[in-house]
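Shown here: data.pdb, PDB, C-alpha atoms and all ligand atoms.
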ATOM      1  CA  MET A   1     -21.228  15.809 -35.087
ATOM      2  CA  ALA A   2     -22.482  14.017 -32.089
ATOM      3  CA  THR A   3     -20.932  10.640 -32.281
ATOM      4  CA  ARG A   4     -23.023   8.266 -30.349
ATOM      5  CA  THR A   5     -21.094   6.131 -27.986
ATOM      6  CA  LEU A   6     -22.191   2.668 -28.845
ATOM      7  CA  GLN A   7     -20.222   1.226 -26.014
ATOM      8  CA  ARG A   8     -23.076   0.050 -23.911
ATOM      9  CA  ARG A   9     -22.537   0.863 -20.313
ATOM     10  CA  MET A  10     -22.723  -2.628 -19.035
ATOM     11  CA  ALA A  11     -23.284  -3.101 -15.352
ATOM     12  CA  LEU A  12     -19.552  -3.873 -15.145
ATOM     13  CA  PRO A  13     -19.816  -6.355 -12.344
ATOM     14  CA  GLU A  14     -16.154  -7.170 -12.745
ATOM     15  CA  ILE A  15     -16.152 -10.036 -10.409
ATOM     16  CA  ARG A  16     -12.792 -11.582  -9.904
ATOM     17  CA  LYS A  17     -11.334 -14.741  -8.576
ATOM     18  CA  GLY A  18     -11.326 -14.751  -4.810
ATOM     19  CA  ASP A  19     -14.358 -12.503  -4.485
ATOM     20  CA  THR A  20     -17.218 -13.498  -2.262
ATOM     21  CA  VAL A  21     -20.493 -13.599  -4.111
ATOM     22  CA  VAL A  22     -24.067 -14.430  -3.320
ATOM     23  CA  ILE A  23     -26.187 -16.425  -5.741
ATOM     24  CA  LEU A  24     -29.354 -14.533  -6.647
ATOM     25  CA  ALA A  25     -31.421 -17.159  -8.414
ATOM     26  CA  GLY A  26     -31.692 -20.864  -8.788
ATOM     27  CA  LYS A  27     -31.507 -23.661  -6.287
ATOM     28  CA  ASP A  28     -28.576 -22.081  -4.492
ATOM     29  CA  ALA A  29     -30.209 -18.661  -4.220
ATOM     30  CA  GLY A  30     -29.014 -16.784  -1.184
ATOM     31  CA  LYS A  31     -25.945 -18.914  -0.692
ATOM     32  CA  ARG A  32     -22.511 -17.433  -0.616
ATOM     33  CA  GLY A  33     -19.292 -18.691  -1.947
ATOM     34  CA  THR A  34     -15.875 -17.734  -3.206
ATOM     35  CA  VAL A  35     -15.254 -17.251  -6.885
ATOM     36  CA  ASP A  36     -12.959 -19.956  -8.064
ATOM     37  CA  ARG A  37     -12.802 -19.081 -11.723
ATOM     38  CA  VAL A  38     -14.069 -16.368 -14.049
ATOM     39  CA  ILE A  39     -14.987 -17.525 -17.516
ATOM     40  CA  ARG A  40     -15.158 -15.038 -20.321
ATOM     41  CA  ARG A  41     -16.572 -16.280 -23.545
ATOM     42  CA  GLU A  42     -15.755 -14.442 -26.697
ATOM     43  CA  PRO A  43     -18.666 -14.886 -29.085
ATOM     44  CA  SER A  44     -16.758 -14.848 -32.351
ATOM     45  CA  PRO A  45     -13.379 -16.522 -32.371
ATOM     46  CA  SER A  46     -12.952 -15.683 -36.048
ATOM     47  CA  GLY A  47     -10.128 -13.433 -37.039
ATOM     48  CA  GLN A  48     -12.534 -10.793 -38.279
ATOM     49  CA  ARG A  49     -12.809  -7.569 -36.402
ATOM     50  CA  SER A  50      -9.762  -8.357 -34.383
ATOM     51  CA  GLY A  51      -9.332  -6.020 -31.513
ATOM     52  CA  TYR A  52     -13.043  -5.555 -31.248
ATOM     53  CA  ARG A  53     -13.822  -7.338 -28.101
ATOM     54  CA  ARG A  54     -17.240  -7.685 -26.747
ATOM     55  CA  THR A  55     -19.178 -10.064 -24.651
ATOM     56  CA  SER A  56     -22.430 -11.434 -25.886
ATOM     57  CA  PRO A  57     -25.547  -9.587 -24.752
ATOM     58  CA  ALA A  58     -26.676 -12.727 -23.025
ATOM     59  CA  GLY A  59     -23.804 -12.258 -20.647
ATOM     60  CA  GLY A  60     -20.627 -13.867 -21.832
ATOM     61  CA  VAL A  61     -19.126 -13.872 -18.409
ATOM     62  CA  SER A  62     -19.832 -16.525 -15.863
ATOM     63  CA  VAL A  63     -18.211 -17.528 -12.636
ATOM     64  CA  VAL A  64     -17.520 -20.815 -10.985
ATOM     65  CA  VAL A  65     -18.304 -20.490  -7.313
ATOM     66  CA  GLU A  66     -16.671 -22.917  -4.951
ATOM     67  CA  GLY A  67     -19.150 -25.462  -3.693
ATOM     68  CA  LEU A  68     -22.190 -23.860  -5.313
ATOM     69  CA  ASN A  69     -24.309 -24.662  -8.324
ATOM     70  CA  ILE A  70     -23.135 -28.211  -8.095
ATOM     71  CA  ALA A  71     -24.078 -30.539 -10.868
ATOM     72  CA  ARG A  72     -24.099 -34.181  -9.984
ATOM     73  CA  LYS A  73     -22.714 -36.059 -12.850
ATOM     74  CA  HIS A  74     -23.375 -39.728 -12.901
ATOM     75  CA  MET A  75     -20.622 -41.445 -14.717
ATOM     76  CA  LYS A  76     -21.397 -44.866 -15.992
ATOM     77  CA  PRO A  77     -18.716 -47.464 -15.635
ATOM     78  CA  ARG A  78     -17.367 -48.125 -19.045
ATOM     79  CA  GLN A  79     -14.663 -49.955 -20.817
ATOM     80  CA  ARG A  80     -11.961 -47.869 -22.318
ATOM     81  CA  THR A  81     -11.175 -49.195 -25.692
ATOM     82  CA  GLY A  82      -7.612 -48.260 -26.252
ATOM     83  CA  GLY A  83      -6.388 -47.592 -29.744
ATOM     84  CA  ASN A  84      -3.537 -50.020 -29.680
ATOM     85  CA  SER A  85      -4.722 -52.687 -27.303
ATOM     86  CA  ILE A  86      -2.455 -55.633 -27.152
ATOM     87  CA  ALA A  87      -4.287 -58.862 -27.628
ATOM     88  CA  GLY A  88      -4.879 -60.508 -24.298
ATOM     89  CA  ALA A  89      -4.318 -57.355 -22.276
ATOM     90  CA  ALA A  90      -7.114 -56.542 -19.838
ATOM     91  CA  PRO A  91      -9.131 -53.565 -20.992
ATOM     92  CA  THR A  92      -8.927 -50.622 -18.605
ATOM     93  CA  MET A  93     -12.112 -49.902 -16.723
ATOM     94  CA  ASP A  94     -13.453 -46.501 -15.876
ATOM     95  CA  PRO A  95     -15.091 -47.142 -12.534
ATOM     96  CA  GLY A  96     -17.637 -44.362 -12.938
ATOM     97  CA  GLY A  97     -19.560 -43.019  -9.980
ATOM     98  CA  ILE A  98     -20.943 -39.671  -8.971
ATOM     99  CA  LEU A  99     -18.940 -36.598  -9.726
ATOM    100  CA  ASP A 100     -19.774 -33.323  -8.037
ATOM    101  CA  GLN A 101     -18.813 -30.437 -10.197
ATOM    102  CA  ALA A 102     -19.371 -26.730  -9.691
ATOM    103  CA  MET A 103     -20.978 -25.349 -12.824
ATOM    104  CA  PRO A 104     -20.475 -21.799 -14.036
ATOM    105  CA  VAL A 105     -23.135 -19.299 -12.996
ATOM    106  CA  PRO A 106     -23.901 -16.416 -15.342
ATOM    107  CA  ILE A 107     -22.585 -13.245 -13.826
ATOM    108  CA  SER A 108     -26.081 -11.760 -13.912
ATOM    109  CA  ARG A 109     -27.132 -14.292 -11.362
ATOM    110  CA  VAL A 110     -24.544 -13.438  -8.746
ATOM    111  CA  MET A 111     -23.840 -10.349  -6.735
ATOM    112  CA  LEU A 112     -20.610  -9.372  -5.096
ATOM    113  CA  VAL A 113     -20.599  -9.367  -1.316
ATOM    114  CA  CYS A 114     -18.654  -6.561   0.276
ATOM    115  CA  THR A 115     -16.042  -7.883   2.648
ATOM    116  CA  HIS A 116     -16.265  -4.744   4.744
ATOM    117  CA  CYS A 117     -19.965  -4.219   5.342
ATOM    118  CA  ASP A 118     -20.956  -7.806   4.546
ATOM    119  CA  ARG A 119     -23.750  -6.800   2.194
ATOM    120  CA  PRO A 120     -24.340  -7.739  -1.423
ATOM    121  CA  THR A 121     -23.381  -4.671  -3.329
ATOM    122  CA  ARG A 122     -23.040  -2.994  -6.652
ATOM    123  CA  ILE A 123     -19.609  -1.858  -7.587
ATOM    124  CA  ALA A 124     -18.396   1.633  -8.105
ATOM    125  CA  HIS A 125     -15.071   2.437  -9.679
ATOM    126  CA  ARG A 126     -12.639   4.888  -8.311
ATOM    127  CA  THR A 127      -9.308   6.003  -9.651
ATOM    128  CA  LEU A 128      -6.643   6.414  -7.045
ATOM    129  CA  ASP A 129      -4.040   9.153  -7.062
ATOM    130  CA  ASN A 130      -1.489   6.782  -8.509
ATOM    131  CA  GLY A 131      -3.803   5.998 -11.414
ATOM    132  CA  THR A 132      -4.923   2.535 -10.453
ATOM    133  CA  ARG A 133      -8.580   1.861 -10.696
ATOM    134  CA  VAL A 134     -10.168   0.117  -7.805
ATOM    135  CA  ARG A 135     -13.596  -1.284  -7.235
ATOM    136  CA  VAL A 136     -15.387   0.160  -4.281
ATOM    137  CA  CYS A 137     -18.511  -0.889  -2.448
ATOM    138  CA  LYS A 138     -21.497   1.336  -3.125
ATOM    139  CA  HIS A 139     -22.661   0.992   0.442
ATOM    140  CA  CYS A 140     -19.604   1.723   2.513
ATOM    141  CA  GLY A 141     -17.190   3.038  -0.090
ATOM    142  CA  GLU A 142     -14.456   0.639   0.917
ATOM    143  CA  PRO A 143     -12.198  -0.759  -1.803
ATOM    144  CA  LEU A 144     -12.941  -4.334  -2.756
ATOM    145  CA  GLU A 145      -9.611  -5.416  -4.075
ATOM    146  CA  VAL A 146      -8.675  -8.991  -3.443
ATOM    147  CA  GLU A 147      -5.059  -8.858  -4.494
ATOM    148  CA  ALA A 148      -3.662 -12.023  -3.038
TER     149      ALA A 148
HETATM  150 ZN    ZN A 201     -19.356  -2.339   1.808
END
Just dump the structure as structure tokens.
Ligand SMILES: [Zn+2]
Amino acid sequence: MATRTLQRRMALPEIRKGDTVVILAGKDAGKRGTVDRVIRREPSPSGQRSGYRRTSPAGGVSVVVEGLNIARKHMKPRQRTGGNSIAGAAPTMDPGGILDQAMPVPISRVMLVCTHCDRPTRIAHRTLDNGTRVRVCKHCGEPLEVEA
């Protein structure tokens, strides 16, 4: 019988650390940056259905792009109340201030930039003769591996 493949063919953006991406939406739209971190969120950490890995339909993968999607966090100065403060000891102060932190961008909001033709591109997959799968640019067909 025709077994339906339920494995949804996700756009497989497969963006990796070190890739150059362009932000598609938001305040940093059009800006480029280097992927610093790829965050994969598994929706159900429970032991059930172990081995059945999937990302949430909302896009469980997001990337932290160096210097982009910065959230300014204002930290208030506060007293740290230590658990075992010795009487008379000065309480430690957290000076606070403004903290710039790159926030993760959902992978649907970034596009990989080809390092060869310098265009934002979709990714094609190609299997080399030795069996390794590589990502290739859909525009110029060049491999996009960033093996450091
Ligand atoms: Zn290209």
Discussion item. At a cut-off of 6 Å around ligand ZN 201 (chain A), and using only C-alpha atoms and all ligand atoms, what residues come up? Please write them as a PyMOL selection string.
Written reply: chain A and resi 114+116-117+137+139-140+142
Worksheet item: Could you pull the residues within 6 Å of stretch 33-40 of chain A, counting all atoms listed in the file, minus those fewer than 2 positions along the same chain, as number ranges by chain?
Response: A: 17-21, 60-66
Worksheet item: What residues have an atom no more than 7 Å from (-16.1, -46.9, -13.1) in the file's own frame, counting all atoms listed in the file, and can you write them as a list in words?
Response: Lys76, Pro77, Arg78, Met93, Asp94, Pro95, Gly96 and Gly97 of chain A
Item to complete: Point out the residue among A:Arg135, A:Arg109, A:Arg80, A:His74 with the least atom-to-atom distance to A:Ala25, counting all atoms listed in the file.
Response: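 Looking only at the distances to A:Ala25, the closest residue turns out to be A:Arg109.
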Item to complete: Could you tell me how far atom CA of A:Gly141 lies from atom CA of A:Gly30, in Å and to one decimal?
Response: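 Calculated distance between atom CA of A:Gly141 and atom CA of A:Gly30 is 23.1 Å.
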Practice prompt. Find the residues around A:Leu99 up to 9 Å (only C-alpha atoms counted), leave out those fewer than 5 positions away in its own chain, and share them as an NGL selection string.
Written response: :A and (71-75)
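Reported to one decimal place, the separation of atom CA of A:Thr132 from atom CA of A:Glu14 is 15.0 Å.
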Worksheet item: From the set A:Glu145, A:Val22, A:Ile70, A:Arg41, which residue has the shortest atom-to-atom contact distance to A:Ser108, counting all atoms listed in the file?
Response: A:Val22
Worksheet item: Looking at all atoms listed in the file, which of A:Ala102, A:Val134, A:Leu68, A:Val110 is the one that sits closest to A:Asp28?
Response: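 Among the listed residues, A:Leu68 lies closest to A:Asp28.
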Worksheet item: Do you have the atom CA of A:Ile15-atom CA of A:Ile107 distance handy?
Response: 8.0 Å
Worksheet entry | Residue contacts of A:Arg133 (10 Å, only C-alpha atoms) excluding same-chain residues fewer than 5 positions away, as a PyMOL selection string | chain A and resi 125-128+143+145
Taking C-alpha atoms for each residue, export the selection above as a short mmCIF file (atom, residue, chain, number, x, y, z; two decimals), in the coordinates of the input.
data_model
loop_
_atom_site.label_atom_id
_atom_site.label_comp_id
_atom_site.auth_asym_id
_atom_site.auth_seq_id
_atom_site.Cartn_x
_atom_site.Cartn_y
_atom_site.Cartn_z
CA HIS A 125 -15.07 2.44 -9.68
CA ARG A 126 -12.64 4.89 -8.31
CA THR A 127 -9.31 6.00 -9.65
CA LEU A 128 -6.64 6.41 -7.04
CA PRO A 143 -12.20 -0.76 -1.80
CA GLU A 145 -9.61 -5.42 -4.08
#
Practice prompt. Starting from the shown file, work through the PyMOL selection byres (((chain A and resi 112) around 6) and not hetatm) and note down what comes out as a count of residues only.
Written response: 5
Taking all heavy atoms as the atom set, what does stretch 118-129 of chain A look like once completed, written as a PDB file, keeping the file's coordinate frame?
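Writing done, so here's result.pdb:
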ATOM      1  N   ASP A 118     -20.286  -6.510   4.600  1.00  0.00           N
ATOM      2  CA  ASP A 118     -20.956  -7.806   4.546  1.00  0.00           C
ATOM      3  C   ASP A 118     -22.327  -7.758   3.869  1.00  0.00           C
ATOM      4  O   ASP A 118     -23.215  -8.509   4.205  1.00  0.00           O
ATOM      5  CB  ASP A 118     -21.081  -8.379   5.969  1.00  0.00           C
ATOM      6  CG  ASP A 118     -21.254  -9.890   5.939  1.00  0.00           C
ATOM      7  OD1 ASP A 118     -20.540 -10.543   5.166  1.00  0.00           O
ATOM      8  OD2 ASP A 118     -22.115 -10.393   6.670  1.00  0.00           O
ATOM      9  N   ARG A 119     -22.485  -6.873   2.914  1.00  0.00           N
ATOM     10  CA  ARG A 119     -23.750  -6.800   2.194  1.00  0.00           C
ATOM     11  C   ARG A 119     -23.507  -7.021   0.716  1.00  0.00           C
ATOM     12  O   ARG A 119     -22.480  -6.598   0.184  1.00  0.00           O
ATOM     13  CB  ARG A 119     -24.380  -5.418   2.379  1.00  0.00           C
ATOM     14  CG  ARG A 119     -25.076  -5.265   3.706  1.00  0.00           C
ATOM     15  CD  ARG A 119     -25.941  -4.043   3.708  1.00  0.00           C
ATOM     16  NE  ARG A 119     -25.164  -2.841   3.929  1.00  0.00           N
ATOM     17  CZ  ARG A 119     -25.688  -1.609   3.854  1.00  0.00           C
ATOM     18  NH1 ARG A 119     -26.948  -1.455   3.551  1.00  0.00           N
ATOM     19  NH2 ARG A 119     -24.929  -0.564   4.083  1.00  0.00           N
ATOM     20  N   PRO A 120     -24.455  -7.651   0.039  1.00  0.00           N
ATOM     21  CA  PRO A 120     -24.340  -7.739  -1.423  1.00  0.00           C
ATOM     22  C   PRO A 120     -24.385  -6.338  -1.984  1.00  0.00           C
ATOM     23  O   PRO A 120     -25.211  -5.529  -1.569  1.00  0.00           O
ATOM     24  CB  PRO A 120     -25.591  -8.532  -1.831  1.00  0.00           C
ATOM     25  CG  PRO A 120     -26.080  -9.197  -0.589  1.00  0.00           C
ATOM     26  CD  PRO A 120     -25.663  -8.316   0.541  1.00  0.00           C
ATOM     27  N   THR A 121     -23.496  -6.054  -2.890  1.00  0.00           N
ATOM     28  CA  THR A 121     -23.381  -4.671  -3.329  1.00  0.00           C
ATOM     29  C   THR A 121     -23.143  -4.541  -4.818  1.00  0.00           C
ATOM     30  O   THR A 121     -22.702  -5.462  -5.482  1.00  0.00           O
ATOM     31  CB  THR A 121     -22.230  -3.971  -2.576  1.00  0.00           C
ATOM     32  OG1 THR A 121     -22.211  -2.600  -2.926  1.00  0.00           O
ATOM     33  CG2 THR A 121     -20.888  -4.591  -2.944  1.00  0.00           C
ATOM     34  N   ARG A 122     -23.458  -3.367  -5.314  1.00  0.00           N
ATOM     35  CA  ARG A 122     -23.040  -2.994  -6.652  1.00  0.00           C
ATOM     36  C   ARG A 122     -21.652  -2.397  -6.503  1.00  0.00           C
ATOM     37  O   ARG A 122     -21.245  -1.999  -5.419  1.00  0.00           O
ATOM     38  CB  ARG A 122     -23.989  -1.943  -7.222  1.00  0.00           C
ATOM     39  CG  ARG A 122     -25.418  -2.393  -7.234  1.00  0.00           C
ATOM     40  CD  ARG A 122     -25.949  -2.660  -8.620  1.00  0.00           C
ATOM     41  NE  ARG A 122     -25.429  -1.764  -9.642  1.00  0.00           N
ATOM     42  CZ  ARG A 122     -26.160  -0.870 -10.269  1.00  0.00           C
ATOM     43  NH1 ARG A 122     -27.420  -0.693  -9.947  1.00  0.00           N
ATOM     44  NH2 ARG A 122     -25.641  -0.140 -11.223  1.00  0.00           N
ATOM     45  N   ILE A 123     -20.987  -2.307  -7.634  1.00  0.00           N
ATOM     46  CA  ILE A 123     -19.609  -1.858  -7.587  1.00  0.00           C
ATOM     47  C   ILE A 123     -19.477  -0.480  -8.208  1.00  0.00           C
ATOM     48  O   ILE A 123     -20.017  -0.209  -9.270  1.00  0.00           O
ATOM     49  CB  ILE A 123     -18.701  -2.856  -8.325  1.00  0.00           C
ATOM     50  CG1 ILE A 123     -18.756  -4.215  -7.631  1.00  0.00           C
ATOM     51  CG2 ILE A 123     -17.274  -2.365  -8.405  1.00  0.00           C
ATOM     52  CD1 ILE A 123     -18.418  -5.349  -8.549  1.00  0.00           C
ATOM     53  N   ALA A 124     -18.758   0.353  -7.532  1.00  0.00           N
ATOM     54  CA  ALA A 124     -18.396   1.633  -8.105  1.00  0.00           C
ATOM     55  C   ALA A 124     -16.902   1.583  -8.422  1.00  0.00           C
ATOM     56  O   ALA A 124     -16.162   0.800  -7.833  1.00  0.00           O
ATOM     57  CB  ALA A 124     -18.688   2.751  -7.121  1.00  0.00           C
ATOM     58  N   HIS A 125     -16.493   2.404  -9.339  1.00  0.00           N
ATOM     59  CA  HIS A 125     -15.071   2.437  -9.679  1.00  0.00           C
ATOM     60  C   HIS A 125     -14.486   3.761  -9.238  1.00  0.00           C
ATOM     61  O   HIS A 125     -15.116   4.804  -9.354  1.00  0.00           O
ATOM     62  CB  HIS A 125     -14.883   2.260 -11.185  1.00  0.00           C
ATOM     63  CG  HIS A 125     -15.194   0.884 -11.647  1.00  0.00           C
ATOM     64  ND1 HIS A 125     -14.223  -0.042 -11.927  1.00  0.00           N
ATOM     65  CD2 HIS A 125     -16.369   0.258 -11.835  1.00  0.00           C
ATOM     66  CE1 HIS A 125     -14.805  -1.164 -12.281  1.00  0.00           C
ATOM     67  NE2 HIS A 125     -16.108  -1.020 -12.238  1.00  0.00           N
ATOM     68  N   ARG A 126     -13.302   3.671  -8.736  1.00  0.00           N
ATOM     69  CA  ARG A 126     -12.639   4.888  -8.311  1.00  0.00           C
ATOM     70  C   ARG A 126     -11.192   4.831  -8.781  1.00  0.00           C
ATOM     71  O   ARG A 126     -10.560   3.778  -8.752  1.00  0.00           O
ATOM     72  CB  ARG A 126     -12.690   5.009  -6.794  1.00  0.00           C
ATOM     73  CG  ARG A 126     -12.275   6.386  -6.310  1.00  0.00           C
ATOM     74  CD  ARG A 126     -11.962   6.358  -4.850  1.00  0.00           C
ATOM     75  NE  ARG A 126     -13.165   6.220  -4.027  1.00  0.00           N
ATOM     76  CZ  ARG A 126     -13.143   5.778  -2.780  1.00  0.00           C
ATOM     77  NH1 ARG A 126     -12.015   5.396  -2.237  1.00  0.00           N
ATOM     78  NH2 ARG A 126     -14.238   5.689  -2.085  1.00  0.00           N
ATOM     79  N   THR A 127     -10.701   5.943  -9.227  1.00  0.00           N
ATOM     80  CA  THR A 127      -9.308   6.003  -9.651  1.00  0.00           C
ATOM     81  C   THR A 127      -8.497   6.640  -8.536  1.00  0.00           C
ATOM     82  O   THR A 127      -8.813   7.728  -8.070  1.00  0.00           O
ATOM     83  CB  THR A 127      -9.169   6.818 -10.945  1.00  0.00           C
ATOM     84  OG1 THR A 127     -10.094   6.311 -11.899  1.00  0.00           O
ATOM     85  CG2 THR A 127      -7.768   6.685 -11.507  1.00  0.00           C
ATOM     86  N   LEU A 128      -7.488   5.910  -8.126  1.00  0.00           N
ATOM     87  CA  LEU A 128      -6.643   6.414  -7.045  1.00  0.00           C
ATOM     88  C   LEU A 128      -5.665   7.450  -7.580  1.00  0.00           C
ATOM     89  O   LEU A 128      -5.519   7.635  -8.787  1.00  0.00           O
ATOM     90  CB  LEU A 128      -5.859   5.264  -6.411  1.00  0.00           C
ATOM     91  CG  LEU A 128      -6.680   4.143  -5.773  1.00  0.00           C
ATOM     92  CD1 LEU A 128      -5.739   3.062  -5.255  1.00  0.00           C
ATOM     93  CD2 LEU A 128      -7.537   4.676  -4.636  1.00  0.00           C
ATOM     94  N   ASP A 129      -4.991   8.129  -6.666  1.00  0.00           N
ATOM     95  CA  ASP A 129      -4.040   9.153  -7.062  1.00  0.00           C
ATOM     96  C   ASP A 129      -2.940   8.599  -7.953  1.00  0.00           C
ATOM     97  O   ASP A 129      -2.444   9.273  -8.848  1.00  0.00           O
ATOM     98  CB  ASP A 129      -3.406   9.789  -5.813  1.00  0.00           C
ATOM     99  CG  ASP A 129      -4.441  10.598  -5.032  1.00  0.00           C
ATOM    100  OD1 ASP A 129      -5.456  10.991  -5.657  1.00  0.00           O
ATOM    101  OD2 ASP A 129      -4.244  10.822  -3.831  1.00  0.00           O
TER     102      ASP A 129
END
